[in-house]
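**Q** Below is one structure. I have some questions about it.
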Amino acid sequence: MKHFKLSSACLLMLSFFACTPQAGSEKDRDIDNKVEELLGKMTLQEKIGQMNQLSPNGSIDQIAGVIKEGKVGSLLNLTDPELVNKVQEIAVKESRLGIPVLMSRDVIHGYKTIFPIPLGQAATFNPRIAEDGARIAAVEASADGIRWTFAPMIDISRDPRWGRMAESCGEDPYLSAVMGAAMVKGFQGDSLDDPTAIAACVKHFVGYGAAEGGKDYNSTFIPERELRNVYFPPFEAAAKAGCATFMTSFNDNDGVPSTGNSFILKEVLRGEWNYDGVVVTDWASATEMIAHGFCKDAKEAAEKSVNAGIDMEMVSGSFMENLETLVKEKKVSVATIDNAVRNILRLKFRLGLFDNPYVVSDQTVKYAESHLAKAKEAVEQSVILLKNDNEVLPLGEMVRTVAVVGPMADAPHDQMGTWVFDGEKEHTQTPLKALREMYGDKVQIIYEPGLAYSRDKQTSGIAKAVAAARRADVVLAFVGEESILSGEAHSLADLNLRGAQSELIEALAKAGKPLVTVVMAGRPLTIGKEVDESAAVLYSFHPGTMGGPAIADLLFGKVVPSGKTPVTFPKMVGQVPVYYAHHHTGRAPSGKETLIDDIPLEAGQTSLGCTSFYMDAGFGPLFPFGYGLSYTTFAYDVLELSADKLAANATLTARVNVTNTGKYAGTEVVQLYVQDKVASVARPVKELKGFQRVTLQPGETKTVTFSLPVSELAFWNIDMKKVVEPGEFKLWLGTNSEEGLSADFEVIN
């Protein structure tokens, strides 16, 4: 037996925090002195200009004048290095104070080399993958002069109807905190003044992922305790990790739009977390407070935004139009504006823009071989094996002919997923292309798509696909959703496969050959029927540029799946929102309740089970959080805790033996969950508190060790104080949120 000791994943964040500048360092003091010196030279109009962000739409002719006048602090969406340098030359040489402009762009999960969507990266349960993806994106984007990105998005996402779930790290605060901190580290590198570093921007602060009904931009109703226990933690972790900027969200929460919410921006972000970075609005979210009915006009929007704690306004222009007047009317103080401008100038100094405003473009970094290799590795670890009856996968030597069908088999644009403004489908390697190039000499590949695209309702091609299936030893069906079906403003009320894809799977299942279904999508889909009809199912959240080679190697066993679900998969949309960390209820289901098909006729008042359940959905989700199979199997044994009673300032050590009981080398994601049995307020049935990826050879056993500070059990109690309450707890170590070995311990005063 080998002993395998790793700290829990929360300790990985500590290494990220250690890389951030220390408050009060000589470098910080020097920057602060430079900021104050420059601020003292600025006119009120120049200060307001720094708070103004514009989008020139690829041309700077119309804004050259405002750059000279110092009326713009940041520009969006300039990706031509020559134009970037031209802007900086105007700003540095022709404006009165020579303040450089901060160039920004939405670089979400890759710039040219596209990684899996963030939800897919979260499925790896590997923060190194997230850091690598962000680092490569920063290197490629900075080559075009981009020094600020609006990522990562770490909204807690528990409703797959919401299209922007694709951009999130899923439903869990702990996983989102760890992966989000890793992305911040990747984007910003070891030092912001490195020319390849770009400032990260965590978004959307706060609650945006809880939009009512899963409709983008919709209202949220999250009480303060829920904000603090569930929605704030990833953002606090990002702040501690040194994230340079924050973005407010579009939604109002309990009637107050985030862009005008002084509680979250002043009391929490600035006051409690001591954050000194830049806070920017989302696109026009300042003036959208008019549509919310929170402001009567742009002037009031500017007043409420700035007084709430906003530093920079994205594109809507209300600051430039109204702040000078608001200062004269004493509705906004000069001190408030000075604080905002301090934050902006401090960021520009930290980025080294005053010393090196120009970009020296190295285009060779785009699609570098090392970048493509990292992107492929990310896909390999992100794909989730949901089913594998009779060990259909991996495809063995007996397979001589493979039928490749489905609209996602050769969809180079769509497999990149949402938020790929700069991705180029010419560089995308699809599963069909990869299978032909990598395994075409070993097997005959017959390609019949059956459907032209995911929403295609024309069924005339299905017969050809079935005919191809009958000629093959195995059928690989690539289905899912096009990239346009997920992302911002792409919410859905129906999560079934679109078009005639379900009919395609049903027809293929009747062909008499093993059916392997590979789903590429931006969210969990309700695919229970298709799972039942398939011998094996792989789920790939839109995998990006290198999806094809990675999936090909997974299918043929060169790589063994290790991805885990970062969100709960519902059986049907009526279960939504569905997530593992729900609260206890006074009437939890027992599993013995009568379901709809078993209700007798004329049942009258017969009890069907007076518990919290759906008569038509059965019990539980389609797949729980943290779920994912492997080509091998893992056994857990001998869970040990270092103590059964601990003080609040102690650290609990938990150990478990994990054995590879199958015939393939594989990687298991060992997950640690905790339950607070009795507290001053109802607590979740389980909470993720750690995870580790453990690689084992066949027959090998490793002892996996977690260190859990008791302080990690703190929550915001009935008095709205963050405390660790004494009492009884249960701990699980296992393979997903529903399975594992458990042990009890007690926290004492």
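We label chains A, B, ... in the order they appear in the structure tokens, count residues from 1 in each chain, and number ligands from 1 in the order shown.
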Please identify all polymer residues within 10 Å of Val327 (chain A), counting only C-alpha atoms, omitting same-chain residues fewer than 4 positions from it, and present them as a PyMOL selection string.

**A** chain A and resi 44+303+322-323+331-337

**Q** With N, CA, C and O atoms kept, could you save the residues just selected as an mmCIF file, in the first residue's frame?

**A**
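Produced file out.cif, reproduced below:
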```
data_model
loop_
_atom_site.group_PDB
_atom_site.id
_atom_site.type_symbol
_atom_site.label_atom_id
_atom_site.label_comp_id
_atom_site.auth_asym_id
_atom_site.auth_seq_id
_atom_site.Cartn_x
_atom_site.Cartn_y
_atom_site.Cartn_z
ATOM 1 N N LEU A 44 -11.255 67.846 -12.579
ATOM 2 C CA LEU A 44 -12.426 67.013 -12.322
ATOM 3 C C LEU A 44 -12.845 66.282 -13.590
ATOM 4 O O LEU A 44 -13.177 65.089 -13.549
ATOM 5 N N GLU A 303 -25.529 59.028 -10.264
ATOM 6 C CA GLU A 303 -25.434 59.360 -8.843
ATOM 7 C C GLU A 303 -25.461 58.106 -7.976
ATOM 8 O O GLU A 303 -24.598 57.910 -7.101
ATOM 9 N N ASN A 322 -22.973 63.438 -16.529
ATOM 10 C CA ASN A 322 -23.667 63.959 -15.354
ATOM 11 C C ASN A 322 -22.828 64.176 -14.102
ATOM 12 O O ASN A 322 -23.260 64.897 -13.205
ATOM 13 N N LEU A 323 -21.655 63.557 -13.995
ATOM 14 C CA LEU A 323 -20.945 63.620 -12.721
ATOM 15 C C LEU A 323 -20.484 65.034 -12.368
ATOM 16 O O LEU A 323 -20.511 65.429 -11.191
ATOM 17 N N LYS A 331 -24.306 66.264 -4.770
ATOM 18 C CA LYS A 331 -24.946 64.952 -4.681
ATOM 19 C C LYS A 331 -23.925 63.823 -4.778
ATOM 20 O O LYS A 331 -24.200 62.690 -4.373
ATOM 21 N N VAL A 332 -22.774 64.152 -5.350
ATOM 22 C CA VAL A 332 -21.628 63.246 -5.376
ATOM 23 C C VAL A 332 -20.419 64.060 -4.937
ATOM 24 O O VAL A 332 -20.194 65.164 -5.436
ATOM 25 N N SER A 333 -19.631 63.523 -4.017
ATOM 26 C CA SER A 333 -18.487 64.281 -3.508
ATOM 27 C C SER A 333 -17.254 64.070 -4.378
ATOM 28 O O SER A 333 -17.106 63.038 -5.035
ATOM 29 N N VAL A 334 -16.380 65.060 -4.363
ATOM 30 C CA VAL A 334 -15.096 64.922 -5.052
ATOM 31 C C VAL A 334 -14.298 63.778 -4.437
ATOM 32 O O VAL A 334 -13.598 63.033 -5.142
ATOM 33 N N ALA A 335 -14.412 63.598 -3.127
ATOM 34 C CA ALA A 335 -13.695 62.513 -2.457
ATOM 35 C C ALA A 335 -14.135 61.155 -2.998
ATOM 36 O O ALA A 335 -13.307 60.245 -3.167
ATOM 37 N N THR A 336 -15.413 60.997 -3.279
ATOM 38 C CA THR A 336 -15.916 59.738 -3.837
ATOM 39 C C THR A 336 -15.310 59.487 -5.214
ATOM 40 O O THR A 336 -14.880 58.366 -5.527
ATOM 41 N N ILE A 337 -15.268 60.517 -6.031
ATOM 42 C CA ILE A 337 -14.666 60.388 -7.360
ATOM 43 C C ILE A 337 -13.173 60.119 -7.240
ATOM 44 O O ILE A 337 -12.622 59.273 -7.967
#
```

**Q** Near Ile596 (chain A), counting only C-alpha atoms, which residues have an atom at most 12 Å away, once you skip same-chain residues fewer than 5 positions from it, shown as a PyMOL selection string?

**A** chain A and resi 601+603+608-609+613-618

**Q** Using only C-alpha atoms, which protein or nucleic acid residues come within 7 Å of Val474 (chain A)? Drop anything in the same chain fewer than 4 positions from it, and give the result as a short mmCIF file (atom, residue, chain, number, x, y, z; two decimals) with all heavy atoms, in the first residue's frame.

**A**
```cif
data_model
loop_
_atom_site.label_atom_id
_atom_site.label_comp_id
_atom_site.auth_asym_id
_atom_site.auth_seq_id
_atom_site.Cartn_x
_atom_site.Cartn_y
_atom_site.Cartn_z
N VAL A 402 -16.59 1.50 -37.58
CA VAL A 402 -17.26 2.44 -36.69
C VAL A 402 -18.17 3.34 -37.51
O VAL A 402 -17.72 3.95 -38.50
CB VAL A 402 -16.24 3.28 -35.91
CG1 VAL A 402 -16.95 4.34 -35.08
CG2 VAL A 402 -15.37 2.40 -35.03
N ALA A 403 -19.43 3.45 -37.10
CA ALA A 403 -20.34 4.41 -37.71
C ALA A 403 -20.32 5.69 -36.88
O ALA A 403 -20.56 5.66 -35.67
CB ALA A 403 -21.75 3.85 -37.77
N LYS A 513 -26.77 -2.62 -32.82
CA LYS A 513 -25.34 -2.48 -32.57
C LYS A 513 -25.11 -1.63 -31.32
O LYS A 513 -25.93 -0.78 -30.98
CB LYS A 513 -24.64 -1.83 -33.78
CG LYS A 513 -24.80 -2.63 -35.07
CD LYS A 513 -24.19 -4.01 -34.95
CE LYS A 513 -24.42 -4.84 -36.20
NZ LYS A 513 -23.70 -4.35 -37.36
N PRO A 514 -24.00 -1.85 -30.62
CA PRO A 514 -23.73 -1.03 -29.43
C PRO A 514 -23.72 0.46 -29.78
O PRO A 514 -23.06 0.87 -30.74
CB PRO A 514 -22.34 -1.50 -28.98
CG PRO A 514 -22.20 -2.87 -29.56
CD PRO A 514 -22.94 -2.84 -30.86
N LEU A 515 -24.47 1.22 -29.02
CA LEU A 515 -24.61 2.66 -29.29
C LEU A 515 -23.89 3.45 -28.20
O LEU A 515 -24.22 3.35 -27.02
CB LEU A 515 -26.08 3.05 -29.32
CG LEU A 515 -26.40 4.54 -29.42
CD1 LEU A 515 -25.80 5.16 -30.68
CD2 LEU A 515 -27.91 4.78 -29.37
#
```

**Q** In terms of the shortest atom-to-atom distance over only C-alpha atoms, which of A:Glu329, A:Glu728, A:Asp252, A:Glu69 is closest to Phe221 (chain A)?

**A**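 Answer, going by the shortest atom-to-atom distance: A:Asp252.
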
**Q** Counting only C-alpha atoms, figure out which residue out of A:Tyr174, A:Gly626, A:Leu595, A:Asn496 gets nearest to Leu713 (chain A).

**A** A:Tyr174

**Q** If you measure from CA of Glu488 (chain A) to CA of Lys425 (chain A), what distance in Å do you get, rounded to one decimal?

**A**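 For CA of Glu488 (chain A) relative to CA of Lys425 (chain A), the distance reads 20.4 Å.
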
**Q** Which of these, A:Asn77, A:Thr701, A:Ser382, A:Asn52, has the shortest distance to Phe115 (chain A) once you count only C-alpha atoms?

**A**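 Of A:Asn77, A:Thr701, A:Ser382, A:Asn52, the one nearest Phe115 (chain A) is A:Ser382, counting only C-alpha atoms.
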
**Q** I'd like to know which of A:Gln501, A:Asn388, A:Gln429, A:Asn33 is closest to Thr632 (chain A), using only C-alpha atoms.

**A**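 That would be A:Asn388, the residue with the smallest distance to Thr632 (chain A).
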
**Q** Once DSSP has gone over the backbone, tell me which residues of region 523-556 of chain A are in helix (DSSP H, G or I), as number ranges by chain.

**A** A: 528-533, 547-555

**Q** Would you write out those residues with C-alpha atoms, as a PDB file, in the first residue's frame?

**A**
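File selection.pdb, as written:
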```pdb
ATOM      1  CA  GLY A 528     -32.744  10.215 -19.392  1.00  0.00           C
ATOM      2  CA  LYS A 529     -34.433   8.583 -22.389  1.00  0.00           C
ATOM      3  CA  GLU A 530     -31.287   8.765 -24.496  1.00  0.00           C
ATOM      4  CA  VAL A 531     -29.162   7.413 -21.650  1.00  0.00           C
ATOM      5  CA  ASP A 532     -31.495   4.425 -21.345  1.00  0.00           C
ATOM      6  CA  GLU A 533     -31.257   3.764 -25.092  1.00  0.00           C
ATOM      7  CA  GLY A 547     -12.206  18.400 -28.466  1.00  0.00           C
ATOM      8  CA  GLY A 548     -11.839  15.931 -31.328  1.00  0.00           C
ATOM      9  CA  PRO A 549      -8.434  14.388 -30.521  1.00  0.00           C
ATOM     10  CA  ALA A 550      -9.229  14.177 -26.811  1.00  0.00           C
ATOM     11  CA  ILE A 551     -12.581  12.476 -27.356  1.00  0.00           C
ATOM     12  CA  ALA A 552     -11.043  10.091 -29.902  1.00  0.00           C
ATOM     13  CA  ASP A 553      -8.394   9.028 -27.387  1.00  0.00           C
ATOM     14  CA  LEU A 554     -11.041   8.611 -24.687  1.00  0.00           C
ATOM     15  CA  LEU A 555     -13.172   6.421 -26.944  1.00  0.00           C
TER      16      LEU A 555
END
```
